[in-house]
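Engineer: Hey, dropping structure_10.cif in here, mmCIF, C-alpha atoms:
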data_start
#
loop_
_atom_site.label_atom_id
_atom_site.label_comp_id
_atom_site.auth_asym_id
_atom_site.auth_seq_id
_atom_site.Cartn_x
_atom_site.Cartn_y
_atom_site.Cartn_z
CA MET D 1 33.66 24.63 -22.67
CA ASP D 2 30.38 24.91 -24.59
CA TYR D 3 27.13 23.30 -23.49
CA ASP D 4 27.41 20.20 -25.70
CA SER D 5 31.01 19.55 -24.68
CA ARG D 6 30.32 19.93 -20.97
CA MET D 7 27.17 17.83 -21.26
CA GLU D 8 29.14 15.07 -22.94
CA ALA D 9 31.88 15.21 -20.31
CA MET D 10 29.40 15.20 -17.44
CA PHE D 11 27.48 12.20 -18.66
CA GLU D 12 30.44 10.20 -19.85
CA THR D 13 32.23 10.53 -16.51
CA LYS D 14 29.34 10.67 -14.04
CA ARG D 15 26.10 9.24 -15.33
CA PHE D 16 27.48 5.79 -16.04
CA ARG D 17 29.44 5.75 -12.80
CA ASN D 18 26.27 6.20 -10.79
CA TYR D 19 23.46 4.71 -12.86
CA THR D 20 24.56 1.21 -13.80
CA ILE D 21 23.43 0.09 -10.34
CA ALA D 22 20.52 1.41 -8.31
CA ALA D 23 19.39 0.77 -4.74
CA GLY D 24 15.78 1.51 -3.81
CA ARG D 25 13.77 1.09 -0.65
CA ARG D 26 13.49 -2.69 -0.83
CA HIS D 27 14.98 -3.64 -4.19
CA THR D 28 18.20 -3.38 -6.18
CA VAL D 29 18.67 -3.02 -9.93
CA GLY D 30 21.69 -3.67 -12.13
CA LEU D 31 22.42 -2.79 -15.76
CA LYS D 32 24.28 -5.54 -17.61
CA SER D 33 26.92 -5.01 -20.26
CA ASP D 34 24.56 -6.13 -23.02
CA GLY D 35 21.95 -3.50 -22.16
CA THR D 36 19.64 -5.86 -20.31
CA VAL D 37 18.62 -5.36 -16.67
CA THR D 38 18.45 -7.56 -13.58
CA ALA D 39 16.79 -6.93 -10.22
CA VAL D 40 16.33 -8.49 -6.78
CA GLY D 41 14.19 -7.69 -3.78
CA ASP D 42 10.59 -6.73 -3.18
CA ASN D 43 8.45 -7.17 -6.30
CA LYS D 44 5.02 -6.46 -4.85
CA TYR D 45 4.22 -3.85 -7.49
CA GLY D 46 6.33 -5.33 -10.28
CA GLN D 47 9.30 -3.06 -9.65
CA CYS D 48 11.63 -5.97 -10.38
CA LYS D 49 9.95 -6.96 -13.66
CA VAL D 50 12.79 -5.77 -15.85
CA SER D 51 13.93 -9.02 -17.49
CA GLU D 52 12.48 -8.03 -20.87
CA TRP D 53 14.12 -4.59 -21.02
CA LEU D 54 16.63 -4.08 -23.85
CA ASP D 55 18.99 -1.34 -25.02
CA ILE D 56 19.13 0.29 -21.57
CA VAL D 57 21.94 2.75 -20.78
CA ALA D 58 20.98 3.81 -17.23
CA VAL D 59 18.75 2.52 -14.42
CA VAL D 60 17.31 4.18 -11.33
CA ALA D 61 15.17 2.84 -8.49
CA GLY D 62 12.47 4.67 -6.55
CA ASN D 63 13.32 5.08 -2.90
CA VAL D 64 11.63 6.21 0.29
CA HIS D 65 12.57 6.34 3.94
CA MET D 66 11.94 3.31 6.12
CA ALA D 67 8.53 3.42 7.79
CA THR D 68 5.73 0.95 8.33
CA ASN D 69 3.45 2.70 5.84
CA THR D 70 6.02 3.08 3.06
CA GLY D 71 7.99 0.83 0.74
CA ASN D 72 6.11 0.90 -2.56
CA ALA D 73 8.52 1.66 -5.39
CA HIS D 74 9.13 1.79 -9.12
CA THR D 75 12.09 1.28 -11.46
CA VAL D 76 13.04 3.41 -14.44
CA GLY D 77 15.27 2.66 -17.38
CA LEU D 78 16.76 5.07 -19.91
CA LYS D 79 17.06 3.59 -23.39
CA SER D 80 19.81 4.24 -25.91
CA ASP D 81 17.39 6.11 -28.18
CA GLY D 82 16.52 8.65 -25.47
CA THR D 83 13.18 7.14 -24.55
CA VAL D 84 12.28 5.94 -21.07
CA THR D 85 10.59 2.85 -19.67
CA ALA D 86 9.24 2.23 -16.17
CA THR D 87 7.67 -0.51 -14.10
CA GLY D 88 6.25 -0.83 -10.61
CA TRP D 89 4.04 1.26 -8.37
CA ASN D 90 2.14 3.86 -10.39
CA THR D 91 -0.49 5.34 -8.07
CA HIS D 92 0.78 8.87 -8.75
CA ASP D 93 1.47 8.30 -12.49
CA GLN D 94 5.20 8.16 -11.76
CA CYS D 95 5.59 5.44 -14.42
CA ASN D 96 3.85 7.43 -17.17
CA VAL D 97 7.03 8.19 -19.10
CA GLY D 98 6.24 6.44 -22.36
CA GLU D 99 5.95 9.68 -24.32
CA TRP D 100 9.25 11.17 -23.16
CA ARG D 101 11.85 11.78 -25.86
CA ASP D 102 15.43 13.07 -26.07
CA ILE D 103 16.15 12.14 -22.45
CA VAL D 104 19.79 11.95 -21.33
CA ALA D 105 19.39 11.32 -17.59
CA VAL D 106 16.70 10.10 -15.20
CA SER D 107 16.02 9.95 -11.47
CA ALA D 108 13.34 8.12 -9.52
CA GLY D 109 12.17 9.53 -6.20
CA TRP D 110 9.29 8.88 -3.89
CA CYS D 111 6.18 8.77 -6.13
CA ARG D 112 7.80 10.57 -9.06
CA THR D 113 10.20 10.39 -11.98
CA VAL D 114 12.33 13.22 -13.33
CA GLY D 115 14.18 13.36 -16.64
CA VAL D 116 16.77 15.67 -18.19
CA LYS D 117 16.37 16.38 -21.89
CA SER D 118 19.20 16.84 -24.34
CA ASP D 119 18.57 20.60 -24.43
CA GLY D 120 19.08 20.92 -20.67
CA THR D 121 15.41 21.27 -19.77
CA VAL D 122 13.68 18.95 -17.31
CA VAL D 123 10.42 16.98 -17.26
CA ALA D 124 8.68 15.34 -14.31
CA VAL D 125 5.67 13.15 -13.55
CA GLY D 126 4.19 12.00 -10.27
CA ARG D 127 3.41 13.34 -6.84
CA ASN D 128 3.76 17.11 -6.51
CA ASN D 129 2.28 17.88 -3.08
CA GLU D 130 5.47 19.68 -2.01
CA GLY D 131 6.25 21.23 -5.39
CA GLU D 132 8.90 18.59 -6.04
CA CYS D 133 7.87 18.35 -9.71
CA ASN D 134 7.97 22.09 -10.42
CA VAL D 135 10.93 21.85 -12.77
CA ASN D 136 9.42 23.20 -15.99
CA SER D 137 11.38 26.44 -15.78
CA TRP D 138 14.75 24.77 -15.24
CA HIS D 139 17.35 25.07 -18.00
CA ASP D 140 21.02 24.24 -18.55
CA ILE D 141 20.59 21.15 -16.34
CA VAL D 142 23.05 18.27 -16.72
CA ALA D 143 21.91 15.97 -13.90
CA VAL D 144 19.05 15.53 -11.42
CA SER D 145 18.55 13.68 -8.16
CA THR D 146 15.32 13.06 -6.29
CA GLY D 147 14.80 12.67 -2.57
CA ASP D 148 11.53 11.88 -0.85
CA TRP D 149 10.01 15.34 -1.21
CA HIS D 150 12.67 17.44 -2.91
CA THR D 151 14.35 17.47 -6.29
CA ILE D 152 17.88 18.68 -7.00
CA GLY D 153 19.21 19.90 -10.33
CA LEU D 154 22.87 20.29 -11.27
CA LYS D 155 23.45 23.11 -13.74
CA LEU D 156 25.93 23.41 -16.57
CA ASP D 157 27.98 25.98 -14.67
CA GLY D 158 28.42 23.75 -11.61
CA THR D 159 25.76 25.47 -9.51
CA VAL D 160 22.75 23.69 -8.04
CA THR D 161 19.03 24.39 -7.91
CA ALA D 162 16.24 22.74 -5.93
CA VAL D 163 12.46 22.54 -5.55
CA GLY D 164 10.23 20.88 -3.00
CA ASN D 165 10.29 20.49 0.75
CA ASN D 166 12.97 22.43 2.61
CA LYS D 167 11.97 21.84 6.22
CA TYR D 168 15.46 20.68 7.17
CA GLY D 169 17.35 22.84 4.70
CA GLN D 170 17.75 19.96 2.25
CA SER D 171 16.97 22.32 -0.63
CA SER D 172 19.32 25.08 0.55
CA VAL D 173 21.87 24.62 -2.21
CA SER D 174 21.77 27.97 -4.00
CA ASN D 175 25.21 28.94 -2.73
CA TRP D 176 26.92 25.76 -3.93
CA SER D 177 29.40 26.06 -6.79
CA ASP D 178 31.96 23.97 -8.68
CA ILE D 179 29.75 20.88 -8.24
CA LEU D 180 30.21 17.80 -10.45
CA ALA D 181 27.53 15.49 -9.03
CA VAL D 182 24.58 15.63 -6.62
CA SER D 183 22.61 13.06 -4.64
CA ALA D 184 19.38 13.62 -2.73
CA GLY D 185 18.50 11.47 0.28
CA TYR D 186 15.39 11.43 2.42
CA LEU D 187 15.92 14.83 4.04
CA HIS D 188 19.47 15.72 3.06
CA THR D 189 21.43 16.55 -0.09
CA VAL D 190 25.05 15.85 -0.97
CA GLY D 191 27.26 17.47 -3.59
CA LEU D 192 30.61 16.40 -5.02
CA ARG D 193 33.00 19.22 -5.82
CA SER D 194 35.52 19.14 -8.65
CA ASP D 195 38.39 19.07 -6.14
CA GLY D 196 37.17 15.78 -4.66
CA THR D 197 35.65 17.27 -1.52
CA VAL D 198 32.00 16.92 -0.53
CA VAL D 199 29.33 19.30 0.77
CA ALA D 200 26.02 18.42 2.39
CA THR D 201 22.94 20.15 3.72
CA GLY D 202 19.76 19.12 5.48
CA ARG D 203 18.87 16.77 8.28
CA ASN D 204 21.92 15.59 10.21
CA ASN D 205 20.46 13.74 13.18
CA GLU D 206 22.41 10.60 12.32
CA GLY D 207 25.53 12.37 11.08
CA GLU D 208 24.58 11.83 7.43
CA CYS D 209 25.92 15.30 6.56
CA ASP D 210 29.27 14.86 8.33
CA VAL D 211 31.30 14.74 5.11
CA SER D 212 33.42 17.88 5.31
CA GLY D 213 36.58 15.88 5.97
CA TRP D 214 36.26 13.64 2.94
CA ARG D 215 38.92 13.91 0.25
CA ASP D 216 39.70 12.33 -3.14
CA ILE D 217 36.02 11.47 -3.71
CA VAL D 218 34.83 10.62 -7.24
CA ALA D 219 31.19 9.65 -6.56
CA VAL D 220 28.63 10.17 -3.79
CA ALA D 221 25.31 8.56 -2.91
CA ALA D 222 22.75 9.58 -0.31
CA GLY D 223 20.47 7.02 1.35
CA SER D 224 17.70 7.78 3.78
CA TYR D 225 19.91 8.37 6.81
CA HIS D 226 23.40 7.65 5.49
CA THR D 227 25.85 8.92 2.88
CA VAL D 228 28.57 7.01 1.04
CA GLY D 229 31.51 8.21 -0.97
CA LEU D 230 33.70 6.43 -3.51
CA LYS D 231 37.37 7.39 -3.38
CA SER D 232 39.70 7.64 -6.35
CA ASP D 233 41.57 4.52 -5.22
CA GLY D 234 38.40 2.40 -5.34
CA THR D 235 37.82 2.32 -1.59
CA MET D 236 34.81 3.69 0.27
CA VAL D 237 33.85 6.03 3.09
CA ALA D 238 30.48 6.37 4.80
CA ALA D 239 28.69 8.56 7.34
CA GLY D 240 25.36 8.46 9.10
CA SER D 241 23.12 5.77 10.46
CA ASN D 242 24.60 2.27 10.59
CA LYS D 243 21.63 0.59 12.23
CA HIS D 244 21.47 -2.00 9.47
CA ASP D 245 25.25 -2.10 8.78
CA GLN D 246 24.68 0.01 5.64
CA CYS D 247 27.88 1.94 6.38
CA ASP D 248 30.11 -1.13 6.75
CA VAL D 249 32.01 -0.47 3.53
CA ASN D 250 35.52 0.07 4.90
CA GLY D 251 36.75 -3.25 3.54
CA TRP D 252 35.53 -2.69 0.00
CA HIS D 253 38.09 -2.17 -2.76
CA GLU D 254 38.20 -1.97 -6.56
CA ILE D 255 34.80 -0.24 -6.50
CA ARG D 256 33.76 1.62 -9.65
CA ALA D 257 30.22 2.76 -8.82
CA VAL D 258 28.01 3.08 -5.73
CA SER D 259 24.35 3.49 -4.86
CA ALA D 260 22.66 4.03 -1.51
CA GLY D 261 19.15 2.75 -0.87
CA CYS D 262 16.95 3.36 2.11
CA ALA D 263 19.05 1.24 4.44
CA HIS D 264 21.43 -0.67 2.19
CA THR D 265 24.47 0.15 0.07
CA ILE D 266 25.67 -1.49 -3.11
CA GLY D 267 28.97 -1.24 -4.94
CA LEU D 268 30.02 -2.24 -8.44
CA LYS D 269 33.48 -3.78 -8.63
CA SER D 270 35.93 -3.50 -11.49
CA ASP D 271 35.26 -7.11 -12.52
CA GLY D 272 31.54 -6.46 -13.03
CA THR D 273 30.41 -8.12 -9.81
CA VAL D 274 28.43 -6.36 -7.09
CA VAL D 275 28.77 -6.20 -3.30
CA ALA D 276 26.10 -5.13 -0.83
CA VAL D 277 25.63 -4.40 2.88
CA GLY D 278 22.67 -3.35 4.95
CA ASN D 279 19.03 -4.25 5.35
CA ASN D 280 18.15 -7.44 3.48
CA ASP D 281 14.62 -8.16 4.66
CA TYR D 282 13.39 -8.42 1.07
CA GLY D 283 16.51 -9.95 -0.47
CA GLN D 284 17.66 -6.58 -1.82
CA CYS D 285 21.27 -7.43 -0.96
CA ASN D 286 21.27 -10.81 -2.72
CA VAL D 287 23.59 -9.70 -5.50
CA SER D 288 26.56 -12.00 -4.94
CA GLU D 289 25.76 -14.01 -8.08
CA TRP D 290 25.52 -10.98 -10.37
CA SER D 291 28.16 -10.61 -13.07
CA ASN D 292 28.81 -8.57 -16.21
CA ILE D 293 27.28 -5.43 -14.71
CA GLN D 294 28.15 -2.50 -16.95
CA GLN D 295 31.04 -0.30 -15.93
CA TYR D 296 30.91 3.45 -16.32
CA ARG D 297 32.39 4.76 -19.52
CA SER D 298 35.85 6.26 -19.46
CA PRO D 299 36.18 9.92 -20.40
#
Translate this structure into structure tokens?

Structural biologist:
Amino acid sequence: MDYDSRMEAMFETKRFRNYTIAAGRRHTVGLKSDGTVTAVGDNKYGQCKVSEWLDIVAVVAGNVHMATNTGNAHTVGLKSDGTVTATGWNTHDQCNVGEWRDIVAVSAGWCRTVGVKSDGTVVAVGRNNEGECNVNSWHDIVAVSTGDWHTIGLKLDGTVTAVGNNKYGQSSVSNWSDILAVSAGYLHTVGLRSDGTVVATGRNNEGECDVSGWRDIVAVAAGSYHTVGLKSDGTMVAAGSNKHDQCDVNGWHEIRAVSAGCAHTIGLKSDGTVVAVGNNDYGQCNVSEWSNIQQYRSP
């Protein structure tokens, strides 16, 4: 399969599965079927001011681990024309994406934003204290995911590359292969293989990397201290910290997309409604009235 064909397949089957809903540290974002966006939760820095966005095809929410001195966040939207818009906390210029063009995928991490261009190269803005924005040399990239201090890139050939902090081995992904999707948490990284199994590396103090027994997985999402997986039958599995009930997804069904925030989990159902569990101190789980959230596109 040539680059354009694989790129099309990757984004048709994976991008829309994962990026029509987004869970951040204290807020949640949803992409509606008409290309508009809705959000709930903490809006201290305007991260939920998305009501005027139009022609959006993917949304991502900045995330950070739970701590008393953290929580500021931003929200990023990818438009149908390949441009990018952002709102929220911008102390590190993480929202300065107005000049980006030809973008096909985006990810929002702690203090930064990363975008994949149509030619497989990558751009980044924001905090770079750990080298997490050193992606200029990347090529043949089809997807990216951003943790707190590390950035993961999925390559055209199914291998994975990483930059940034590697204190816990969260960037030790060079030996991965046959990967279809990646998700970076606070200090761990998760990869979905083409056979429906899952690999993980990094911090595992809460069991967030205990995914080796998972099967029939079609999407994965890494939160700060937990990991969730969507199965082919629309049910869910989860591992890691459940301090805030963020792993209580066993009863979910007919799920089409998932996202893991700092300490909450959201799922998009086949009827366009959304379910949520976990920390709700800022109303980030108040999604029961949402409807017409965009489904992922069929291959």

Engineer: Residue by residue, what does the PyMOL selection byres ((chain D and resi 131-133) around 12) grab here? Present the result as a ChimeraX atom specification.

Structural biologist: /D:92,94,107-115,122-130,134-138,144-153,161-166,171

Engineer: Just to confirm, what's the straight-line distance from CA of Val59 in chain D to CA of Gln47 in chain D in Å (one decimal)?

Structural biologist: 12.0 Å

Engineer: For Ala260 in chain D, please output as a PyMOL selection string all residues within 8 Å (counting all atoms listed in the file; exclusion window: fewer than 3 positions along the same chain).

Structural biologist: chain D and resi 22-24+221-223+226-228+263-266

Engineer: Quick one: contact table of range 102-219 of chain D to range 244-249 of chain D, 12 Å max, nearest atom pair and distance in Å to one decimal per residue, counting all atoms listed in the file, chain and number order, as a Markdown table?

Structural biologist:
| residue | atom | partner | partner_atom | distance |
| --- | --- | --- | --- | --- |
| D:Glu206 | CA | D:Cys247 | CA | 11.8 |
| D:Gly207 | CA | D:Cys247 | CA | 11.7 |
| D:Glu208 | CA | D:Cys247 | CA | 10.5 |

Engineer: Export C-alpha atoms of the chosen residues as a compact mmCIF listing (two decimals), in the frame of the given file?

Structural biologist:
# COMPACT_ATOMS: atom_id res chain seq x y z
CA GLU D 206 22.41 10.60 12.32
CA GLY D 207 25.53 12.37 11.08
CA GLU D 208 24.58 11.83 7.43

Engineer: Could you list the residues chosen by the PyMOL selection byres ((chain D and resi 67) around 12) in this structure as a list in words?

Structural biologist: Arg25, Arg26, Asn63, Val64, His65, Met66, Thr68, Asn69, Thr70, Gly71, Asn72, Tyr186, Ser224, Cys262 and Ala263 of chain D

Engineer: Any idea what the distance is between CA of Thr87 in chain D and CA of Lys117 in chain D?

Structural biologist: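 Computed distance, CA of Thr87 in chain D to CA of Lys117 in chain D, equals 20.5 Å.
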
Engineer: Please compute the CA of Ala105 in chain D-CA of Val182 in chain D distance, one decimal, in Å.

Structural biologist: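 So the answer is 12.9 Å.
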